[in-house]
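Chemist: Quick one: the structure is below, and I'll ask about it shortly.
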2 protein chains.
Amino acid sequence: MSAYQNMSREELLQLQETLNAQYQDWKAKGLKLDMSRGKPAADQLDLALPMTSVFRQVSDFKCESGIDCRNYGALTGIPEARRLMADMIGTTPEHVIVYGNSSLNVMYDTVCRSMVRGVMGNTPWGRLDKVKFLCPVPGYDRHFAITEFFGIEMIPVPMTENGPDMDMVEDLVSHDSAVKGIWCVPKYSNPQGYTYSSETVKRFANLRPAAADFRIYWDNAYAIHDLYEEGGDKLEDILAACEEAGNPDMVFEFCSTSKVTFPGSGIAALAASAANIEDITAQLAIQTIGHDKMNQLRHVKFFGDIDGMKAHMQRHAEKIRPKFEAVWEVLERELGGLGIGSWTKPRGGYFISFDSMEGCAKKIIAKAKEAGVTMTGAGATFPYHKDPQDRNIRIAPTYPTQEELAMAAELFVLCVKLVSVEKLLQD
Amino acid sequence: MSAYQNMSREELLQLQETLNAQYQDWKAKGLKLDMSRGKPAADQLDLALPMTSVFRQVSDFKCESGIDCRNYGALTGIPEARRLMADMIGTTPEHVIVYGNSSLNVMYDTVCRSMVRGVMGNTPWGRLDKVKFLCPVPGYDRHFAITEFFGIEMIPVPMTENGPDMDMVEDLVSHDSAVKGIWCVPKYSNPQGYTYSSETVKRFANLRPAAADFRIYWDNAYAIHDLYEEGGDKLEDILAACEEAGNPDMVFEFCSTSKVTFPGSGIAALAASAANIEDITAQLAIQTIGHDKMNQLRHVKFFGDIDGMKAHMQRHAEKIRPKFEAVWEVLERELGGLGIGSWTKPRGGYFISFDSMEGCAKKIIAKAKEAGVTMTGAGATFPYHKDPQDRNIRIAPTYPTQEELAMAAELFVLCVKLVSVEKLLQD
């Protein structure tokens with residue numbers, strides 16, 4: 001099929017009629033499908049079921065340091081859980097605090113602590129006139145929601161296949177002391193699935209920030225979430241890189257097992273330099289008596305070690321890879337060569353990023369919704385929900401069944417075609 | 001034995017010699033005992049062991065609203081857990097948000113939210129020159145640590161057997177708009193074990209605060225923690241009382257199962273009016289995707305309902321009642337009639353409050369420590385660790401074994417005697 005841009009007005013009008021008829025047929029089906037959030041499907045959750053019965057006798061509750069994990073204590077996490085989470089993101093246990101069930105909560109808490117108490121002795125942000133964060137776009141909506149909640153000004157920075165535009169990052173970070181942070185999903189970025197290159201990580205580690213309390217918020221959410229057993233993307237260890245560059249304190253790294261074991265019932269971790277860990281622990285001692293150590297131990301008993309965890313992730317991959325491939329097949333078959341959309345083909349993570357023609361994303365999402373398929377809201381991948389070109393759509397293929405997904409994808413491409421034709425007719 | 005105050009200087013000197021010899025004998029034993037924190041003993045934790053294996057099949061994970069508790073969702077908690085926690089504190093489920101593992105964390109979070117975002121549309125406290133909290137004393141050290149962390153000025157209010165000095169509370173709350181809160185442990189108060197009377201609860205509910213965002217921080221930590229099956233203290237429902245008094249929004253109530261199932265692996269809850277719940281949920285939606293619903297469901301499956309939970313608490317009581325009684329026996333036998341100390345005899349909770357002669361608490365605790373028995377730090381039960389009379393000592397009898405406890409109590413009374421004699425000799 002030829003590109004839509006090369007079609008005559010008459011051809012477009014005829015095409016519109018055909019597409020509209022197809023769309024009415026789809027609407028009649030009364031679908032109710034959800035491709036909006038990065039949620040594991042039920043059969044993925046089944047994989048971790050044995051984790052709910054790992055405790056058999058009282059002696060099972062002692063952790064390596066001899067503590068009874070059923071009681072209070074171990075503020076920064078039990079040793080074996082710190083090791084497991086360190087291995088997950090390629091660092092060492094002394095850098096790691098193991099938290100409760102949600103890395104998003106740890107990120108919120110980290111920004112909140114900076115607001116009320118400040119970072120390592122610096123002025124609390126709440127007392128400053130202006131605090132800014134850099135936001136690679138498109139990016140993760142829940143990151144942007146946190147900074148928006150705290151009244152932090154968000155500056156969009158364009159993403160490339162190798163990570164954020166580092167010229168822009170370097171320029172802003174080194175010249176503006178109000179810039180206190182940057183949100184990053186460095187491996188299988190949300191929504192594109194891009195992984196920051198070695199060069200990008202190196203440039204990050206060598207930033208020379210104007211603000212002493214500037215931190216890289218390194219949300220390594222998909223550290224071991226490869227779709228293919230061979231050839232998953234490789235991400236450099238940012239903590240080691242920062243240390244080598246003489247910037248050991250410049251990064252907060254986050255991760256969790258939400259998409260490894262159970263969303264909402266996993267364990268989360270923060271990794272940082274010794275000085276940061278000390279600063280954070282001082283607050284943590286006020287905030288809580290400790291996190292859920294039984295759940296930490298449950299994870300360790302279930303996986304054994306990082307090899308067990310990686311083997312487990314391959315079982316996830318077997319279930320979700322066909323879903324990604326099903327979406328790509330439909331996109332390629334139906335939109336290939338039409339010049340009305342482009343999409344990413346990541347080797348891991350939870351999303352596919354789709355870019356429509358300019359000014360079409362909102363309408364496509366509305367059309368899909370009207371026919372019963374929920375996508376992530378238009379603009380969600382940008383700060384303040386404002387996609388300046390109205391192009392980006394995040395596709396989350398994991399939650400629906402294979403069959404539902406095939407239908408949702410077919411409807412989606414139809415909506416893309418319809419809205420694109422409308423646009424071309426208006427131009 | 002006659003009161004120490006009636007003894008001659010010679011008698012006191014002779015007594016001091018005897019006591020000193022006894023103390024040296026105790027020191028030689030090389031004890032290492034801990035009566036410092038309100039920690040359940042291992043045999044109490046064993047009671048909840050079956051809770052770790054309640055899940056048997058995939059269908060076990062559906063909650064009443066049909067949600068798969070293994071996945072994301074249910075921000076305010078699953079319905080059956082909201083009901084269980086509501087029953088625990090005598091309110092109704094729509095007032096309740098179920099959180100993660102720690103009510104202390106919920107309290108920290110509640111104060112923190114007030115600092116950065118404000119309470120129901122009021123100015124965030126972080127932007128005010130001065131914020132004050134009333135602190136009934138002696139009280140709970142971790143409460144005071146939270147307000148101190150946020151730079152909130154703490155005003156001590158004396159406790160009576162019926163609760164805080166309400167004349168003083170009413171006066172301060174109604175005349176000073178900087179007073180934004182009061183820390184309360186209304187049932188089996190920490191450390192005295194006092195329960196607020198109906199009259200006190202009524203006066204709380206009828207406060208007329210100068211500040212629209214004044215809240216009572218009602219830490220109902222020991223709601224069902226009775227030592228005796230019959231005749232546990234009764235506490236009025238503060239939420240209902242506030243509603244009746246036309247002050248529905250004036251209270252935040254907190255509770256958890258930390259001392260019901262597992263400290264660190266329990267579930268916590270906040271209860272408040274509909275308007276407060278709405279205000280809090282708006283922030284919660286930014287802060288997390290949800291708490292650990294599997295653990296919520298685990299609790300409900302284990303207990304069934306509030307009756308199961310209360311029956312469980314009686315099994316706790318059977319284990320810790322003898323420990324409280326052992327301490328009282330030693331205190332009565334060794335200190336009764338001497339006029340050098342008084343103590344509380346609560347019918348529930350986790351502590352006994354001991355008051356020495358003025359200026360003796362620090363020295364008693366140091367002496368006990370020197371002989372291997374750790375007590376809660378002197379001054380801990382007062383804001384800024386400052387006990388103006390240096391009298392109060394918190395005794396936590398639950399964690400040691402019965403045998404250890406007997407030894408620790410004997411040593412403790414010896415230290416009280418020794419320090420009291422020293423003081424009388426100096427006067």
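In the structure tokens, chains take letters A, B, ... by order of appearance, with residues numbered from 1 within each chain and ligands from 1 in the order shown.
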If you take only C-alpha atoms and a cut-off of 10 Å, which residues of stretch 350-398 of chain B touch stretch 131-136 of chain B, and what are their nearest atom pairs and distances in Å to one decimal, in chain and number order, as JSON lines?
Modeler:
{"residue": "B:Thr381", "atom": "CA", "partner": "B:Pro136", "partner_atom": "CA", "distance": 9.6}
{"residue": "B:Phe382", "atom": "CA", "partner": "B:Cys135", "partner_atom": "CA", "distance": 8.2}
{"residue": "B:Pro383", "atom": "CA", "partner": "B:Cys135", "partner_atom": "CA", "distance": 7.3}
Chemist: Take the residues from that selection and put them in a file with N, CA, C and O atoms, as a PDB file, in the first residue's frame.
Modeler:
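Final output, saved to part_28.pdb:
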ATOM      1  N   THR B 381      10.506   9.574  77.310  1.00  0.00           N
ATOM      2  CA  THR B 381       9.055   9.741  77.318  1.00  0.00           C
ATOM      3  C   THR B 381       8.632  11.209  77.320  1.00  0.00           C
ATOM      4  O   THR B 381       7.456  11.516  77.460  1.00  0.00           O
ATOM      5  N   PHE B 382       9.608  12.109  77.150  1.00  0.00           N
ATOM      6  CA  PHE B 382       9.315  13.545  77.091  1.00  0.00           C
ATOM      7  C   PHE B 382       9.849  14.148  75.792  1.00  0.00           C
ATOM      8  O   PHE B 382      10.850  13.685  75.252  1.00  0.00           O
ATOM      9  N   PRO B 383       9.188  15.216  75.281  1.00  0.00           N
ATOM     10  CA  PRO B 383       9.697  15.922  74.107  1.00  0.00           C
ATOM     11  C   PRO B 383      11.145  16.366  74.343  1.00  0.00           C
ATOM     12  O   PRO B 383      11.487  16.761  75.466  1.00  0.00           O
TER      13      PRO B 383
END
Chemist: So that each row is one residue of chain B with an atom at most 7 Å from chain A, can you give its shortest atom pair and the distance in Å to one decimal, using only C-alpha atoms, rows by chain and rising number, as a Markdown table?
Modeler:
| residue | atom | partner | partner_atom | distance |
| --- | --- | --- | --- | --- |
| B:Leu45 | CA | A:Arg70 | CA | 6.9 |
| B:Thr52 | CA | A:Phe55 | CA | 6.6 |
| B:Ser53 | CA | A:Ser53 | CA | 5.5 |
| B:Phe55 | CA | A:Thr52 | CA | 6.6 |
| B:Arg70 | CA | A:Phe262 | CA | 5.5 |
| B:Asn71 | CA | A:Pro263 | CA | 4.9 |
| B:Tyr72 | CA | A:Pro263 | CA | 5.3 |
| B:Asn101 | CA | A:Asp292 | CA | 6.5 |
| B:Ser102 | CA | A:Thr288 | CA | 6.7 |
| B:Leu104 | CA | A:Thr288 | CA | 5.8 |
| B:Asn105 | CA | A:Thr288 | CA | 5.0 |
| B:Tyr108 | CA | A:Gln287 | CA | 5.6 |
| B:Ala145 | CA | A:Ile286 | CA | 6.3 |
| B:Ile146 | CA | A:Ile286 | CA | 5.9 |
| B:Phe262 | CA | A:Arg70 | CA | 5.5 |
| B:Pro263 | CA | A:Asn71 | CA | 4.9 |
| B:Gly264 | CA | A:Asp292 | CA | 5.0 |
| B:Ser265 | CA | A:Asp292 | CA | 4.8 |
| B:Ile286 | CA | A:Ile146 | CA | 6.0 |
| B:Gln287 | CA | A:Asn105 | CA | 5.3 |
| B:Thr288 | CA | A:Asn105 | CA | 5.0 |
| B:Gly290 | CA | A:Gly264 | CA | 6.1 |
| B:His291 | CA | A:Gly264 | CA | 5.8 |
| B:Asp292 | CA | A:Ser265 | CA | 4.8 |
| B:Lys293 | CA | A:Gly264 | CA | 6.7 |
| B:Met294 | CA | A:Ser265 | CA | 6.4 |
Chemist: I'd like to know which residues of stretch 187-225 of chain A are strand (DSSP E) (by DSSP, run on the backbone); could you write them as a ChimeraX atom specification?
Modeler: /A:215-219
Chemist: The selected residues should be written to file as a PDB file, in the first residue's frame (atoms: all heavy atoms).
Modeler:
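Writing the result to selection20.pdb gives the following:
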ATOM      1  N   ARG A 215      20.533  15.558  41.838  1.00  0.00           N
ATOM      2  CA  ARG A 215      20.613  14.103  41.809  1.00  0.00           C
ATOM      3  C   ARG A 215      19.975  13.557  40.543  1.00  0.00           C
ATOM      4  O   ARG A 215      18.955  14.104  40.079  1.00  0.00           O
ATOM      5  CB  ARG A 215      19.881  13.466  43.012  1.00  0.00           C
ATOM      6  CG  ARG A 215      20.511  13.759  44.393  1.00  0.00           C
ATOM      7  CD  ARG A 215      21.840  13.051  44.587  1.00  0.00           C
ATOM      8  NE  ARG A 215      22.396  13.283  45.905  1.00  0.00           N
ATOM      9  CZ  ARG A 215      23.183  14.312  46.237  1.00  0.00           C
ATOM     10  NH1 ARG A 215      23.509  15.234  45.337  1.00  0.00           N
ATOM     11  NH2 ARG A 215      23.668  14.403  47.464  1.00  0.00           N
ATOM     12  N   ILE A 216      20.556  12.485  40.034  1.00  0.00           N
ATOM     13  CA  ILE A 216      19.939  11.746  38.938  1.00  0.00           C
ATOM     14  C   ILE A 216      18.976  10.740  39.558  1.00  0.00           C
ATOM     15  O   ILE A 216      19.378   9.947  40.411  1.00  0.00           O
ATOM     16  CB  ILE A 216      21.015  11.005  38.115  1.00  0.00           C
ATOM     17  CG1 ILE A 216      22.071  11.985  37.595  1.00  0.00           C
ATOM     18  CG2 ILE A 216      20.377  10.216  36.989  1.00  0.00           C
ATOM     19  CD1 ILE A 216      23.372  11.312  37.185  1.00  0.00           C
ATOM     20  N   TYR A 217      17.711  10.799  39.197  1.00  0.00           N
ATOM     21  CA  TYR A 217      16.711   9.853  39.707  1.00  0.00           C
ATOM     22  C   TYR A 217      16.606   8.707  38.710  1.00  0.00           C
ATOM     23  O   TYR A 217      15.891   8.795  37.724  1.00  0.00           O
ATOM     24  CB  TYR A 217      15.371  10.565  39.935  1.00  0.00           C
ATOM     25  CG  TYR A 217      15.435  11.497  41.123  1.00  0.00           C
ATOM     26  CD1 TYR A 217      16.211  12.654  41.075  1.00  0.00           C
ATOM     27  CD2 TYR A 217      14.772  11.205  42.308  1.00  0.00           C
ATOM     28  CE1 TYR A 217      16.325  13.486  42.171  1.00  0.00           C
ATOM     29  CE2 TYR A 217      14.873  12.039  43.410  1.00  0.00           C
ATOM     30  CZ  TYR A 217      15.647  13.175  43.335  1.00  0.00           C
ATOM     31  OH  TYR A 217      15.769  13.993  44.431  1.00  0.00           O
ATOM     32  N   TRP A 218      17.381   7.665  38.988  1.00  0.00           N
ATOM     33  CA  TRP A 218      17.644   6.562  38.044  1.00  0.00           C
ATOM     34  C   TRP A 218      16.681   5.414  38.355  1.00  0.00           C
ATOM     35  O   TRP A 218      16.964   4.553  39.171  1.00  0.00           O
ATOM     36  CB  TRP A 218      19.096   6.141  38.274  1.00  0.00           C
ATOM     37  CG  TRP A 218      19.793   5.346  37.220  1.00  0.00           C
ATOM     38  CD1 TRP A 218      20.068   4.008  37.250  1.00  0.00           C
ATOM     39  CD2 TRP A 218      20.397   5.838  36.003  1.00  0.00           C
ATOM     40  NE1 TRP A 218      20.789   3.630  36.140  1.00  0.00           N
ATOM     41  CE2 TRP A 218      21.006   4.744  35.361  1.00  0.00           C
ATOM     42  CE3 TRP A 218      20.483   7.102  35.405  1.00  0.00           C
ATOM     43  CZ2 TRP A 218      21.696   4.857  34.143  1.00  0.00           C
ATOM     44  CZ3 TRP A 218      21.169   7.222  34.200  1.00  0.00           C
ATOM     45  CH2 TRP A 218      21.750   6.114  33.585  1.00  0.00           C
ATOM     46  N   ASP A 219      15.529   5.438  37.726  1.00  0.00           N
ATOM     47  CA  ASP A 219      14.491   4.451  37.999  1.00  0.00           C
ATOM     48  C   ASP A 219      14.737   3.211  37.134  1.00  0.00           C
ATOM     49  O   ASP A 219      14.208   3.086  36.031  1.00  0.00           O
ATOM     50  CB  ASP A 219      13.112   5.065  37.699  1.00  0.00           C
ATOM     51  CG  ASP A 219      11.970   4.097  38.007  1.00  0.00           C
ATOM     52  OD1 ASP A 219      12.236   2.984  38.511  1.00  0.00           O
ATOM     53  OD2 ASP A 219      10.813   4.457  37.734  1.00  0.00           O
TER      54      ASP A 219
END
Chemist: If you run DSSP over the backbone, which residues in stretch 81-151 of chain A end up alpha helix (DSSP H)? Put them as an mmCIF file with C-alpha atoms, in the first residue's frame.
Modeler:
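As written to disk, part-v6.cif reads:
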data_model
loop_
_atom_site.group_PDB
_atom_site.id
_atom_site.type_symbol
_atom_site.label_atom_id
_atom_site.label_comp_id
_atom_site.auth_asym_id
_atom_site.auth_seq_id
_atom_site.Cartn_x
_atom_site.Cartn_y
_atom_site.Cartn_z
ATOM 1 C CA ALA A 81 17.575 -9.139 50.437
ATOM 2 C CA ARG A 82 20.053 -6.279 50.102
ATOM 3 C CA ARG A 83 22.326 -8.643 48.178
ATOM 4 C CA LEU A 84 19.524 -9.868 45.916
ATOM 5 C CA MET A 85 18.373 -6.354 45.042
ATOM 6 C CA ALA A 86 21.985 -5.215 44.540
ATOM 7 C CA ASP A 87 22.540 -8.089 42.116
ATOM 8 C CA MET A 88 19.331 -7.182 40.302
ATOM 9 C CA ILE A 89 20.699 -3.754 39.348
ATOM 10 C CA SER A 103 9.573 1.876 44.292
ATOM 11 C CA LEU A 104 7.203 4.687 43.286
ATOM 12 C CA ASN A 105 6.640 5.259 46.990
ATOM 13 C CA VAL A 106 10.421 5.363 47.541
ATOM 14 C CA MET A 107 10.759 7.973 44.796
ATOM 15 C CA TYR A 108 7.927 10.062 46.239
ATOM 16 C CA ASP A 109 9.553 9.771 49.632
ATOM 17 C CA THR A 110 12.934 10.791 48.240
ATOM 18 C CA VAL A 111 11.557 13.936 46.625
ATOM 19 C CA CYS A 112 9.458 14.663 49.714
ATOM 20 C CA ARG A 113 12.479 14.356 52.030
ATOM 21 C CA SER A 114 14.364 16.792 49.803
ATOM 22 C CA MET A 115 11.458 19.223 50.116
ATOM 23 C CA VAL A 116 11.177 19.147 53.904
ATOM 24 C CA ASP A 141 3.495 9.735 33.819
ATOM 25 C CA ARG A 142 3.797 8.806 37.496
ATOM 26 C CA HIS A 143 7.247 10.424 37.731
ATOM 27 C CA PHE A 144 5.813 13.637 36.371
ATOM 28 C CA ALA A 145 2.860 13.409 38.778
ATOM 29 C CA ILE A 146 5.241 13.381 41.769
ATOM 30 C CA THR A 147 7.169 16.479 40.706
ATOM 31 C CA GLU A 148 3.935 18.251 39.741
ATOM 32 C CA PHE A 149 2.444 17.422 43.168
#
Chemist: May I have the residues within 8 Å of B:Arg394 as a PyMOL selection string, using only C-alpha atoms and disregarding those fewer than 4 positions away in the same chain?
Modeler: chain B and resi 36+191+351-354+375-376+381
Chemist: If we count only C-alpha atoms, what is near A:Ser197 at a cut-off of 8 Å, once residues fewer than 5 positions away on the same chain are taken out, given as a PyMOL selection string?
Modeler: chain A and resi 162-163+235-236
Chemist: Can you write just those residues out, N, CA, C and O atoms, as a tab-separated table (two decimals), in the first residue's frame?
Modeler:
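Result saved to again-v3.tsv:
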chain	number	residue	atom	x	y	z
A	162	ASN	N	19.47	6.65	22.28
A	162	ASN	CA	20.58	6.42	23.20
A	162	ASN	C	20.37	7.05	24.58
A	162	ASN	O	21.27	7.04	25.41
A	163	GLY	N	19.17	7.62	24.78
A	163	GLY	CA	18.90	8.29	26.06
A	163	GLY	C	18.53	9.75	25.81
A	163	GLY	O	18.32	10.16	24.67
A	235	LEU	N	23.04	-2.25	30.30
A	235	LEU	CA	23.10	-0.90	30.87
A	235	LEU	C	24.29	-0.82	31.81
A	235	LEU	O	24.47	-1.68	32.67
A	236	GLU	N	25.08	0.21	31.68
A	236	GLU	CA	26.23	0.41	32.58
A	236	GLU	C	25.74	0.71	34.00
A	236	GLU	O	24.67	1.29	34.18
Chemist: For A:Asp305, please output as an MDAnalysis selection string all residues within 9 Å (counting only C-alpha atoms; exclusion window: fewer than 2 positions along the same chain).
Modeler: chainID A and resid 80 83:84 87 300:303 307:310
Chemist: Create the file for the chosen residues now, containing N, CA and C atoms and written as a compact mmCIF listing (two decimals), in the first residue's frame.
Modeler:
# COMPACT_ATOMS: atom_id res chain seq x y z
N GLU A 80 20.46 -10.68 53.10
CA GLU A 80 20.28 -11.45 51.87
C GLU A 80 19.38 -10.73 50.87
N ARG A 83 21.45 -8.04 49.20
CA ARG A 83 22.33 -8.64 48.18
C ARG A 83 21.54 -8.94 46.90
N LEU A 84 20.34 -9.51 47.08
CA LEU A 84 19.52 -9.87 45.92
C LEU A 84 19.17 -8.63 45.09
N ASP A 87 22.24 -7.28 43.30
CA ASP A 87 22.54 -8.09 42.12
C ASP A 87 21.59 -7.76 40.96
N VAL A 300 13.74 -13.88 48.96
CA VAL A 300 15.04 -14.56 48.89
C VAL A 300 14.85 -16.07 48.90
N LYS A 301 13.95 -16.55 49.73
CA LYS A 301 13.73 -18.00 49.79
C LYS A 301 13.18 -18.54 48.46
N PHE A 302 12.35 -17.74 47.82
CA PHE A 302 11.76 -18.18 46.56
C PHE A 302 12.79 -18.22 45.43
N PHE A 303 13.61 -17.16 45.33
CA PHE A 303 14.55 -17.08 44.21
C PHE A 303 15.88 -17.77 44.49
N ASP A 307 20.49 -15.70 39.99
CA ASP A 307 20.30 -16.63 38.88
C ASP A 307 18.87 -17.17 38.86
N GLY A 308 18.36 -17.47 40.06
CA GLY A 308 16.98 -17.93 40.16
C GLY A 308 16.01 -16.85 39.70
N MET A 309 16.35 -15.61 40.05
CA MET A 309 15.50 -14.50 39.67
C MET A 309 15.51 -14.29 38.15
N LYS A 310 16.69 -14.44 37.55
CA LYS A 310 16.78 -14.25 36.10
C LYS A 310 16.08 -15.39 35.35
Chemist: Got a sec: who's within 8 Å of B:Asn392, counting only C-alpha atoms, leaving out chain neighbours fewer than 4 positions off, as number ranges by chain?
Modeler: B: 138, 353-356, 361, 378-379, 381, 387
Chemist: Would you save the residues from that selection as a PDB file, in the first residue's frame, using N, CA, C and O atoms?
Modeler:
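The file below, again05.pdb, is the result:
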ATOM      1  N   PRO B 138       4.173  11.826  80.659  1.00  0.00           N
ATOM      2  CA  PRO B 138       5.062  11.137  79.727  1.00  0.00           C
ATOM      3  C   PRO B 138       4.282  10.550  78.549  1.00  0.00           C
ATOM      4  O   PRO B 138       3.112  10.229  78.686  1.00  0.00           O
ATOM      5  N   SER B 353       4.641   2.290  83.673  1.00  0.00           N
ATOM      6  CA  SER B 353       5.348   3.548  83.871  1.00  0.00           C
ATOM      7  C   SER B 353       5.800   3.615  85.323  1.00  0.00           C
ATOM      8  O   SER B 353       5.008   3.403  86.239  1.00  0.00           O
ATOM      9  N   PHE B 354       7.074   3.906  85.514  1.00  0.00           N
ATOM     10  CA  PHE B 354       7.630   3.975  86.864  1.00  0.00           C
ATOM     11  C   PHE B 354       8.131   5.384  87.127  1.00  0.00           C
ATOM     12  O   PHE B 354       8.822   5.967  86.286  1.00  0.00           O
ATOM     13  N   ASP B 355       7.765   5.946  88.278  1.00  0.00           N
ATOM     14  CA  ASP B 355       8.290   7.253  88.666  1.00  0.00           C
ATOM     15  C   ASP B 355       9.151   7.111  89.906  1.00  0.00           C
ATOM     16  O   ASP B 355       8.697   6.642  90.949  1.00  0.00           O
ATOM     17  N   SER B 356      10.406   7.513  89.772  1.00  0.00           N
ATOM     18  CA  SER B 356      11.340   7.463  90.901  1.00  0.00           C
ATOM     19  C   SER B 356      11.233   8.768  91.707  1.00  0.00           C
ATOM     20  O   SER B 356      10.423   9.641  91.394  1.00  0.00           O
ATOM     21  N   ALA B 361      15.983   9.216  87.804  1.00  0.00           N
ATOM     22  CA  ALA B 361      15.714   8.289  86.687  1.00  0.00           C
ATOM     23  C   ALA B 361      16.971   7.993  85.865  1.00  0.00           C
ATOM     24  O   ALA B 361      17.292   6.838  85.592  1.00  0.00           O
ATOM     25  N   ALA B 378      16.600   7.367  79.547  1.00  0.00           N
ATOM     26  CA  ALA B 378      15.991   8.369  80.437  1.00  0.00           C
ATOM     27  C   ALA B 378      15.561   9.574  79.615  1.00  0.00           C
ATOM     28  O   ALA B 378      16.260  10.003  78.703  1.00  0.00           O
ATOM     29  N   GLY B 379      14.407  10.120  79.941  1.00  0.00           N
ATOM     30  CA  GLY B 379      13.913  11.293  79.224  1.00  0.00           C
ATOM     31  C   GLY B 379      13.164  10.957  77.950  1.00  0.00           C
ATOM     32  O   GLY B 379      12.529  11.823  77.355  1.00  0.00           O
ATOM     33  N   THR B 381      10.506   9.574  77.310  1.00  0.00           N
ATOM     34  CA  THR B 381       9.055   9.741  77.318  1.00  0.00           C
ATOM     35  C   THR B 381       8.632  11.209  77.320  1.00  0.00           C
ATOM     36  O   THR B 381       7.456  11.516  77.460  1.00  0.00           O
ATOM     37  N   ASP B 387      13.035  15.195  80.601  1.00  0.00           N
ATOM     38  CA  ASP B 387      12.116  14.959  81.711  1.00  0.00           C
ATOM     39  C   ASP B 387      12.481  15.973  82.792  1.00  0.00           C
ATOM     40  O   ASP B 387      13.512  15.838  83.463  1.00  0.00           O
TER      41      ASP B 387
END
Chemist: Quick one: residues within 6 Å of stretch 2-7 of chain A, only C-alpha atoms, excluding same-chain residues fewer than 6 positions away - as an NGL selection string?
Modeler: :A and (337-339)
Chemist: Could you take the residues named above and write them with N, CA, C and O atoms, as a PDB file, in the first residue's frame?
Modeler:
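Generated output (selection_21.pdb):
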ATOM      1  N   GLY A 337       4.706   1.338   5.786  1.00  0.00           N
ATOM      2  CA  GLY A 337       4.803   2.033   4.510  1.00  0.00           C
ATOM      3  C   GLY A 337       3.753   3.124   4.298  1.00  0.00           C
ATOM      4  O   GLY A 337       3.782   3.832   3.299  1.00  0.00           O
ATOM      5  N   LEU A 338       2.804   3.274   5.233  1.00  0.00           N
ATOM      6  CA  LEU A 338       1.733   4.264   5.031  1.00  0.00           C
ATOM      7  C   LEU A 338       2.143   5.680   5.425  1.00  0.00           C
ATOM      8  O   LEU A 338       1.464   6.646   5.085  1.00  0.00           O
ATOM      9  N   GLY A 339       3.240   5.791   6.170  1.00  0.00           N
ATOM     10  CA  GLY A 339       3.708   7.129   6.557  1.00  0.00           C
ATOM     11  C   GLY A 339       2.794   7.832   7.543  1.00  0.00           C
ATOM     12  O   GLY A 339       2.793   9.051   7.644  1.00  0.00           O
TER      13      GLY A 339
END
Chemist: Hey, which of B:Ile306, B:Val373, B:Ala326, B:Cys360 ends up closest to B:Pro388? Count only C-alpha atoms.
Modeler: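 Going through B:Ile306, B:Val373, B:Ala326, B:Cys360 one by one, the smallest distance to B:Pro388 is for B:Cys360.
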Chemist: Record the distance separating atom CA of B:Val185 and atom CA of B:Tyr140, expressed in Å with one decimal.
Modeler: 8.0 Å
